[in-house]
Structures are given as structure tokens and as C-alpha cells.
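Novice: The structure file run-v5.txt (compact mmCIF, C-alpha atoms) is provided below.
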```
# COMPACT_ATOMS: atom_id res chain seq x y z
CA MET W 1 -30.23 74.60 5.42
CA THR W 2 -33.53 75.41 7.13
CA ALA W 3 -36.29 73.20 5.74
CA PRO W 4 -39.77 74.64 5.26
CA ILE W 5 -42.33 73.59 7.86
CA LEU W 6 -45.52 72.56 6.08
CA ARG W 7 -48.79 72.27 7.99
CA GLN W 8 -51.30 71.84 5.18
CA LEU W 9 -51.50 68.86 2.84
CA ALA W 10 -51.94 71.11 -0.20
CA TYR W 11 -48.54 72.70 0.44
CA LEU W 12 -46.92 69.29 0.88
CA HIS W 13 -48.42 68.06 -2.39
CA ALA W 14 -47.16 71.14 -4.22
CA LYS W 15 -43.66 69.99 -3.27
CA THR W 16 -44.09 66.26 -3.83
CA ASP W 17 -45.86 66.72 -7.18
CA ALA W 18 -42.87 68.66 -8.50
CA TRP W 19 -40.38 66.14 -7.10
CA THR W 20 -42.30 63.20 -8.57
CA ARG W 21 -42.46 64.87 -12.01
CA ALA W 22 -38.69 65.34 -11.84
CA GLY W 23 -38.23 61.62 -11.14
CA ALA W 24 -36.90 62.12 -7.62
CA VAL W 25 -36.85 59.30 -5.09
CA ILE W 26 -38.71 60.55 -2.02
CA GLY W 27 -37.86 59.30 1.47
CA VAL W 28 -39.91 59.87 4.61
CA VAL W 29 -38.98 59.59 8.29
CA PRO W 30 -42.22 59.49 10.32
CA THR W 31 -41.78 60.77 13.91
CA MET W 32 -43.74 62.18 16.79
CA GLY W 33 -41.04 64.80 17.41
CA ALA W 34 -38.82 65.14 20.50
CA LEU W 35 -36.05 64.12 18.13
CA HIS W 36 -32.93 62.37 19.42
CA GLN W 37 -29.94 60.73 17.78
CA GLY W 38 -31.99 57.64 16.95
CA HIS W 39 -34.35 59.70 14.80
CA LEU W 40 -31.43 61.59 13.27
CA SER W 41 -29.76 58.32 12.26
CA LEU W 42 -32.91 57.53 10.26
CA VAL W 43 -32.71 60.95 8.61
CA GLU W 44 -29.07 60.26 7.76
CA ALA W 45 -30.01 56.92 6.16
CA ALA W 46 -32.80 58.56 4.17
CA LYS W 47 -30.49 61.32 2.94
CA ALA W 48 -27.97 58.72 1.76
CA ASP W 49 -30.62 56.77 -0.18
CA CYS W 50 -33.04 59.37 -1.51
CA ASP W 51 -33.13 62.52 -3.63
CA ARG W 52 -35.66 64.27 -1.39
CA VAL W 53 -36.35 63.68 2.31
CA ILE W 54 -39.42 64.60 4.36
CA VAL W 55 -39.48 64.36 8.14
CA THR W 56 -42.98 64.20 9.57
CA ILE W 57 -43.81 65.32 13.12
CA PHE W 58 -47.25 64.37 14.38
CA VAL W 59 -48.17 63.31 17.90
CA ASN W 60 -50.79 60.78 16.95
CA PRO W 61 -53.62 60.60 19.50
CA LYS W 62 -54.91 57.32 18.08
CA GLN W 63 -51.88 55.34 19.24
CA PHE W 64 -52.11 56.40 22.90
CA ASN W 65 -54.42 54.39 25.12
CA ASN W 66 -53.50 56.48 28.15
CA PRO W 67 -54.68 60.14 27.87
CA GLU W 68 -52.12 61.13 30.52
CA ASP W 69 -49.33 59.68 28.38
CA LEU W 70 -50.56 61.71 25.41
CA ALA W 71 -50.68 64.91 27.48
CA LYS W 72 -47.14 64.36 28.81
CA TYR W 73 -45.59 63.52 25.45
CA PRO W 74 -42.94 66.20 24.77
CA ARG W 75 -43.68 68.74 22.03
CA THR W 76 -40.40 70.32 20.91
CA GLU W 77 -41.02 71.47 17.35
CA ALA W 78 -38.62 74.45 17.41
CA ASP W 79 -35.78 72.36 18.84
CA ASP W 80 -36.54 69.58 16.38
CA ALA W 81 -36.24 71.97 13.43
CA VAL W 82 -32.84 73.15 14.71
CA LYS W 83 -31.63 69.55 15.09
CA LEU W 84 -32.64 68.82 11.50
CA GLU W 85 -30.81 71.82 10.01
CA PRO W 86 -27.43 70.10 9.51
CA TYR W 87 -29.07 67.27 7.59
CA GLY W 88 -30.54 69.41 4.83
CA VAL W 89 -33.95 67.74 4.73
CA ASP W 90 -36.28 69.08 2.07
CA ALA W 91 -39.44 69.49 4.14
CA ILE W 92 -40.72 69.10 7.68
CA TYR W 93 -44.37 68.09 7.59
CA VAL W 94 -46.13 69.06 10.83
CA PRO W 95 -49.76 68.54 9.87
CA GLU W 96 -52.60 70.18 11.71
CA PRO W 97 -54.81 67.46 13.23
CA ASP W 98 -57.55 68.02 10.64
CA GLN W 99 -55.07 67.25 7.85
CA ILE W 100 -54.73 63.72 9.22
CA TYR W 101 -58.16 63.18 10.77
CA PRO W 102 -60.66 65.48 9.03
CA ALA W 103 -64.18 65.91 10.40
CA GLY W 104 -66.10 62.68 10.05
CA PHE W 105 -62.97 60.51 9.77
CA ALA W 106 -64.24 56.94 10.24
CA THR W 107 -61.58 54.56 8.90
CA ASN W 108 -59.34 52.31 10.99
CA VAL W 109 -56.42 50.24 9.66
CA SER W 110 -55.98 47.04 11.67
CA VAL W 111 -53.27 44.41 11.13
CA ALA W 112 -54.27 41.04 12.61
CA GLY W 113 -51.90 38.51 14.15
CA LEU W 114 -48.73 40.55 14.58
CA THR W 115 -50.57 42.96 16.86
CA ASP W 116 -52.04 40.42 19.30
CA VAL W 117 -48.91 39.99 21.44
CA MET W 118 -46.44 42.06 23.49
CA GLU W 119 -47.19 45.73 22.80
CA GLY W 120 -50.56 44.82 21.35
CA GLU W 121 -51.50 42.95 24.52
CA PHE W 122 -50.41 45.70 26.90
CA ARG W 123 -51.57 48.62 24.73
CA PRO W 124 -54.88 47.61 23.12
CA GLY W 125 -55.58 49.58 19.95
CA HIS W 126 -52.06 51.02 19.82
CA PHE W 127 -51.10 49.35 16.55
CA ASP W 128 -54.40 50.27 14.92
CA GLY W 129 -53.45 53.89 15.60
CA VAL W 130 -49.95 53.34 14.25
CA ALA W 131 -51.09 51.53 11.10
CA THR W 132 -53.77 54.14 10.38
CA VAL W 133 -51.53 57.18 10.73
CA VAL W 134 -48.59 55.59 8.89
CA ALA W 135 -50.85 54.58 5.98
CA LYS W 136 -52.02 58.20 5.81
CA LEU W 137 -48.46 59.56 5.95
CA PHE W 138 -47.22 57.17 3.26
CA LEU W 139 -50.02 58.26 0.94
CA GLN W 140 -49.79 61.95 1.79
CA THR W 141 -46.01 62.18 1.33
CA ARG W 142 -46.02 59.87 -1.74
CA ALA W 143 -42.79 58.44 -0.38
CA ASN W 144 -40.87 55.76 -2.24
CA ARG W 145 -39.04 54.73 0.94
CA ALA W 146 -39.76 55.06 4.66
CA TYR W 147 -37.31 54.67 7.52
CA PHE W 148 -38.08 53.16 10.94
CA GLY W 149 -35.87 52.17 13.85
CA GLU W 150 -35.53 48.54 14.88
CA LYS W 151 -35.99 49.61 18.50
CA ASP W 152 -39.72 49.32 17.72
CA TYR W 153 -39.26 46.02 15.90
CA GLN W 154 -42.85 44.86 16.32
CA GLN W 155 -44.04 48.20 14.91
CA LEU W 156 -41.64 47.80 11.98
CA MET W 157 -43.18 44.40 11.17
CA VAL W 158 -46.71 45.77 11.48
CA VAL W 159 -45.96 48.69 9.15
CA ARG W 160 -44.33 46.39 6.58
CA ARG W 161 -47.33 44.07 6.60
CA MET W 162 -49.77 46.99 6.35
CA ALA W 163 -47.97 48.46 3.33
CA ARG W 164 -47.74 45.07 1.64
CA ASP W 165 -51.36 44.12 2.28
CA LEU W 166 -52.73 47.48 1.08
CA ASP W 167 -50.43 47.66 -1.97
CA ILE W 168 -48.94 50.95 -0.77
CA PRO W 169 -45.79 51.27 -2.92
CA THR W 170 -43.54 52.52 -0.11
CA GLU W 171 -40.52 50.39 0.75
CA VAL W 172 -40.21 50.11 4.55
CA ILE W 173 -36.59 50.13 5.67
CA GLY W 174 -35.48 49.16 9.18
CA CYS W 175 -32.42 50.82 10.71
CA PRO W 176 -30.36 49.69 13.72
CA THR W 177 -31.28 50.83 17.24
CA VAL W 178 -29.19 53.74 18.47
CA ARG W 179 -28.14 53.48 22.12
CA GLU W 180 -26.75 55.63 24.89
CA ALA W 181 -23.21 54.81 26.07
CA SER W 182 -24.89 52.82 28.87
CA GLY W 183 -26.64 50.56 26.34
CA LEU W 184 -30.06 52.11 26.97
CA ALA W 185 -32.04 52.38 23.73
CA MET W 186 -32.59 56.03 22.85
CA SER W 187 -36.19 57.11 23.34
CA SER W 188 -38.13 60.32 23.84
CA ARG W 189 -39.38 58.75 27.10
CA ASN W 190 -35.85 58.78 28.51
CA LEU W 191 -36.20 62.56 28.94
CA ARG W 192 -38.68 61.88 31.74
CA LEU W 193 -36.24 59.79 33.82
CA SER W 194 -34.17 61.20 36.67
CA PRO W 195 -30.38 60.59 36.69
CA GLU W 196 -31.02 57.73 39.12
CA GLY W 197 -33.76 56.36 36.87
CA LEU W 198 -31.41 56.41 33.90
CA GLU W 199 -28.91 54.33 35.86
CA VAL W 200 -31.58 51.75 36.66
CA ALA W 201 -32.85 51.77 33.07
CA ALA W 202 -29.40 50.87 31.74
CA HIS W 203 -29.72 47.45 33.41
CA LEU W 204 -32.46 46.44 30.95
CA ASN W 205 -30.20 46.05 27.94
CA ALA W 206 -27.43 44.49 30.05
CA ALA W 207 -29.86 41.84 31.32
CA MET W 208 -31.15 41.19 27.82
CA ARG W 209 -27.62 40.68 26.50
CA SER W 210 -26.95 38.17 29.29
CA VAL W 211 -30.11 36.26 28.34
CA ALA W 212 -29.08 36.29 24.66
CA GLU W 213 -25.65 34.89 25.55
CA ALA W 214 -27.25 32.06 27.55
CA LEU W 215 -29.60 31.31 24.67
CA GLY W 216 -26.61 31.18 22.34
CA ARG W 217 -25.20 28.42 24.55
CA GLY W 218 -28.37 26.44 23.98
CA GLU W 219 -30.08 27.14 27.32
CA ALA W 220 -33.88 27.10 27.61
CA PHE W 221 -35.51 30.53 27.57
CA ASP W 222 -37.85 30.04 30.54
CA ASP W 223 -34.96 29.22 32.86
CA VAL W 224 -32.82 32.25 32.01
CA ALA W 225 -35.80 34.63 31.71
CA LYS W 226 -36.94 33.98 35.30
CA HIS W 227 -33.52 34.83 36.64
CA ALA W 228 -33.24 37.97 34.47
CA CYS W 229 -36.63 39.31 35.57
CA ALA W 230 -35.77 38.78 39.25
CA GLU W 231 -32.49 40.65 38.78
CA LEU W 232 -34.20 43.57 37.05
CA LEU W 233 -36.71 43.93 39.89
CA GLU W 234 -33.81 43.92 42.37
CA THR W 235 -32.03 46.71 40.48
CA GLY W 236 -35.03 49.06 40.77
CA PHE W 237 -37.54 48.27 38.03
CA SER W 238 -41.06 48.36 39.45
CA GLU W 239 -42.57 45.94 36.91
CA ILE W 240 -41.52 43.69 34.04
CA GLU W 241 -44.48 43.55 31.66
CA TYR W 242 -42.87 41.00 29.40
CA LEU W 243 -39.59 39.39 28.46
CA ASP W 244 -40.25 37.31 25.34
CA LEU W 245 -38.21 35.28 22.89
CA ARG W 246 -39.86 35.30 19.47
CA SER W 247 -39.14 34.40 15.88
CA ALA W 248 -37.60 37.32 14.02
CA ALA W 249 -39.68 36.43 10.97
CA SER W 250 -43.13 35.76 12.44
CA LEU W 251 -43.10 36.79 16.14
CA LYS W 252 -44.18 33.29 17.14
CA PRO W 253 -42.97 32.42 20.68
CA LEU W 254 -39.85 30.29 21.01
CA GLY W 255 -38.58 28.16 23.88
CA ARG W 256 -35.01 28.15 22.60
CA ALA W 257 -33.02 30.07 19.99
CA SER W 258 -33.75 27.36 17.41
CA GLU W 259 -34.05 29.90 14.57
CA PRO W 260 -33.14 33.58 14.06
CA ALA W 261 -34.96 35.33 16.90
CA ARG W 262 -35.45 38.58 18.78
CA LEU W 263 -35.58 39.05 22.52
CA PHE W 264 -38.22 41.63 23.50
CA ALA W 265 -38.79 43.42 26.79
CA ALA W 266 -41.04 46.05 28.33
CA ALA W 267 -40.41 47.28 31.86
CA LEU W 268 -41.25 50.23 34.12
CA VAL W 269 -38.92 52.47 36.08
CA GLU W 270 -40.11 55.66 37.83
CA GLY W 271 -43.48 55.05 36.19
CA ILE W 272 -41.92 55.32 32.71
CA ARG W 273 -42.49 52.42 30.37
CA LEU W 274 -39.36 51.37 28.45
CA ILE W 275 -39.17 48.86 25.60
CA ASP W 276 -36.20 47.22 23.92
CA ASN W 277 -35.32 44.28 21.70
CA ILE W 278 -32.12 42.66 20.52
CA GLU W 279 -31.19 40.10 17.90
CA VAL W 280 -30.61 36.53 19.02
CA PRO W 281 -28.87 34.37 16.39
CA ALA W 282 -29.89 30.71 16.16
CA ALA W 283 -27.90 28.58 18.60
```
Show how you would write the structure in this file as C-alpha cells.

Specialist:
Amino acid sequence: MTAPILRQLAYLHAKTDAWTRAGAVIGVVPTMGALHQGHLSLVEAAKADCDRVIVTIFVNPKQFNNPEDLAKYPRTEADDAVKLEPYGVDAIYVPEPDQIYPAGFATNVSVAGLTDVMEGEFRPGHFDGVATVVAKLFLQTRANRAYFGEKDYQQLMVVRRMARDLDIPTEVIGCPTVREASGLAMSSRNLRLSPEGLEVAAHLNAAMRSVAEALGRGEAFDDVAKHACAELLETGFSEIEYLDLRSAASLKPLGRASEPARLFAAALVEGIRLIDNIEVPAA
């Protein structure tokens, strides 16, 4: 089934008003397009849970601090619509920029604390852009449930806190990271890597799993992290921005896996910035 592509908020509300009156549960999958199997797994989860599903596609300028990154971000709307056909979504919302940020738009949604570390440190203002656009999309789509991948675990926590703090009645559901056969987390950025770059990139998850195993044996994080970072640089990464062990509940830094935790990483290969995280059970 080919879903209608809606570009104006009035047309979206015509749909959602009718669905809400009929008592339908509305699910939304917010994306920036360039859809891959990770996005489609979120669509699948939404379809299983909800009566109506909206996929949004909006390349949000407010979450890019590098204008070059924004310019290079792939725009593949026609291909994305084809990929969504087998899933039978009810609408694809591709808003014109003025539907999200009308003339004179002056409001910024900022979540303190969770955004000060890792991605927040290396991409100042990024999470303000995410929180602002996601708040808009939750309200515009009137979604009961929203689906996000755990690959962006810090983002997932920020969005949950934003919705809770602002009393936005959208349940935020995290779904498992989808990976390539090599273990590399699926990402639209992977499209920009050469075959050789993809081979190097696959070492990131392998190194993280080795660190997690050592942590499970009770080893101290600093010791195993140093070794892992050195190995990654030897395999072809140009920079390791961070490799952090943090509480899964609060993102506070941990020296050992003394409680349920996540291991987070950001690293560069061929100038492309890759992020990943994995679960680390308490030792």
C-alpha cells in the first residue's frame, strides 16, 4: 500500500483528527529519511502495537552543528517511500520547513543534565535541536506512542525526559539496535563509507564487546578502555572521541560495571563520525 505523503500540517491533522475520533492508537516513527533496516524495524514495531502509523521525514537543521554535515546528509524521499510500501503505514509526514519552524519561531526545548556529556559535549546544541523538533512532532502527529532505536541511547533518554517533563502524553518506546552482519550499527552515515572504511568501522562494535566481556569479569574500566582505544587507532580509526561506561538509568560515569550500564563510543573513520552503545550487565 502506498501511503500518502503529507507536507502541510492541516492535511496531517485532517487524518489524525479522524483517527482520534475513532479511538485509534496512533504510533509515530520520527526519522530524517535515508531509511535503512534499523528504521524499518521501528516501523514494524509500531505496526504491531498501533492502529495507525505515521513515519515522519524531516532533516532537522537545528540538530546539526556542522553546516557541511547538514548539506551532505542524504535526501532520499522517493526511495524511502518505496521502502515503506510493504509495511502499510498510514501516512508519511514530510513537512515543509515552515510547518516546523514558521517565521518568527523563537522557542527552544533544552533538557539539562542528560545532555551535558558524550554527544552533548562533542555536539553543542545538538540535543536542543532534537528535543525541540521531537516535541513539535509529538504534538503535531498527536501520537500515543513513538518509536526510537537504542543505537541513539542518549537521545532516547533525552526524548523520554522531555516528554515526561512537558507532560506530552506520548509513550516513548526504545527498540533494539539493528546491525550489519559485521556488527556495525546500521546508520545513514554508513552510506558515506568506502568498502575499506566499512571494514575498519566493523572493529568498533567488536572492541566494545571485548570491553564489555572484561567488565563482566570485574575488571576496571579505565584499564580495558585504554587498550581498546589503542587497538581501534591501530585498525584505522583516525580519532576516538569517547569510550565511556555509564549508568543505564542516569548516564552517570562508572569505573566498573557495578550496576546495569551501557558502554558508549564515538569514533571517526574516513572523516565519518560513528556512534554505538551496548548493554553491560552488572558484574

Novice: So that each row is one residue of stretch 133-221 of chain W with an atom at most 6 Å from stretch 25-45 of chain W, can you give its shortest atom pair and the distance in Å to one decimal, using all atoms listed in the file, rows by chain and rising number, as CSV?

Specialist:
```
residue,atom,partner,partner_atom,distance
W:Ala143,CA,W:Ile26,CA,4.9
W:Asn144,CA,W:Ile26,CA,5.3
W:Arg145,CA,W:Gly27,CA,4.7
W:Ala146,CA,W:Val28,CA,4.8
W:Tyr147,CA,W:Val29,CA,5.3
W:Val178,CA,W:Gly38,CA,5.0
W:Ser188,CA,W:Ala34,CA,5.9
```

Novice: Under the rule of at most 8 Å, produce a per-residue listing of stretch 47-110 of chain W near stretch 123-127 of chain W: chain, number, name, the closest pair of atoms, and the distance in Å, as a tab-separated table, using only C-alpha atoms.

Specialist:
```
residue	atom	partner	partner_atom	distance
W:Lys62	CA	W:His126	CA	7.1
W:Gln63	CA	W:His126	CA	4.4
W:Phe64	CA	W:His126	CA	6.2
W:Asn65	CA	W:Arg123	CA	6.4
W:Ser110	CA	W:Phe127	CA	7.3
```

Novice: May I have the residues at most 10 Å from (-38.3, 33.0, 20.8) in the file's coordinates, counting only C-alpha atoms, as an NGL selection string?

Specialist: :W and (215 or 221 or 244-248 or 251-264 or 280 or 282)

Novice: Select, from W:Leu114, W:Ile100, W:Ala46, W:Leu198, the residue with the minimum atom-to-atom distance to W:Glu171, counting all atoms listed in the file.

Specialist: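 Closest residue, counting all atoms listed in the file: W:Ala46.
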
Novice: Please return, as a PyMOL selection string, all polymer residues that have at least one atom within 10 Å of the point (-30.9, 50.0, 28.7); use all atoms listed in the file and the file's own coordinate frame.

Specialist: chain W and resi 179-186+198-208+274-276

Novice: What is the distance between atom CA of W:Arg164 and atom CA of W:Ala135, in Å to one decimal?

Specialist: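 Separation of atom CA of W:Arg164 and atom CA of W:Ala135: 10.9 Å.
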
Novice: When you count all atoms listed in the file, which of these residues is closest to W:Thr2: W:Gly236, W:Pro86, W:Gly149, W:Gly23?

Specialist: W:Pro86

Novice: Please measure the separation of atom CA of W:Lys151 and atom CA of W:Asn277, giving the value in Å to one decimal.

Specialist: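 According to the coordinates, atom CA of W:Lys151 and atom CA of W:Asn277 are separated by 6.3 Å.
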
Novice: Can you measure atom CA of W:Ala230 to atom CA of W:Asp116 for me? One decimal in Å is fine.

Specialist: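 Atom CA of W:Asp116 lies 25.8 Å from atom CA of W:Ala230.
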
Novice: From the set W:Glu270, W:Leu232, W:Pro281, W:Leu193, which residue has the shortest atom-to-atom contact distance to W:Gly218, counting only C-alpha atoms?

Specialist: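 Nearest candidate to W:Gly218 out of W:Glu270, W:Leu232, W:Pro281, W:Leu193: W:Pro281.
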
Novice: Here is a test: counting all atoms listed in the file, which residue of W:Lys15, W:Val82, W:Tyr242, W:Val134 is nearest to W:Asn60?

Specialist: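 Going through W:Lys15, W:Val82, W:Tyr242, W:Val134 one by one, the smallest distance to W:Asn60 is for W:Val134.
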
Novice: Can you work out which one of W:Ala131, W:Ala228, W:Val111, W:Leu9 has the shortest atom-to-atom distance to W:Arg209, counting all atoms listed in the file?

Specialist: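 Of the candidates, the smallest distance to W:Arg209 is held by W:Ala228.
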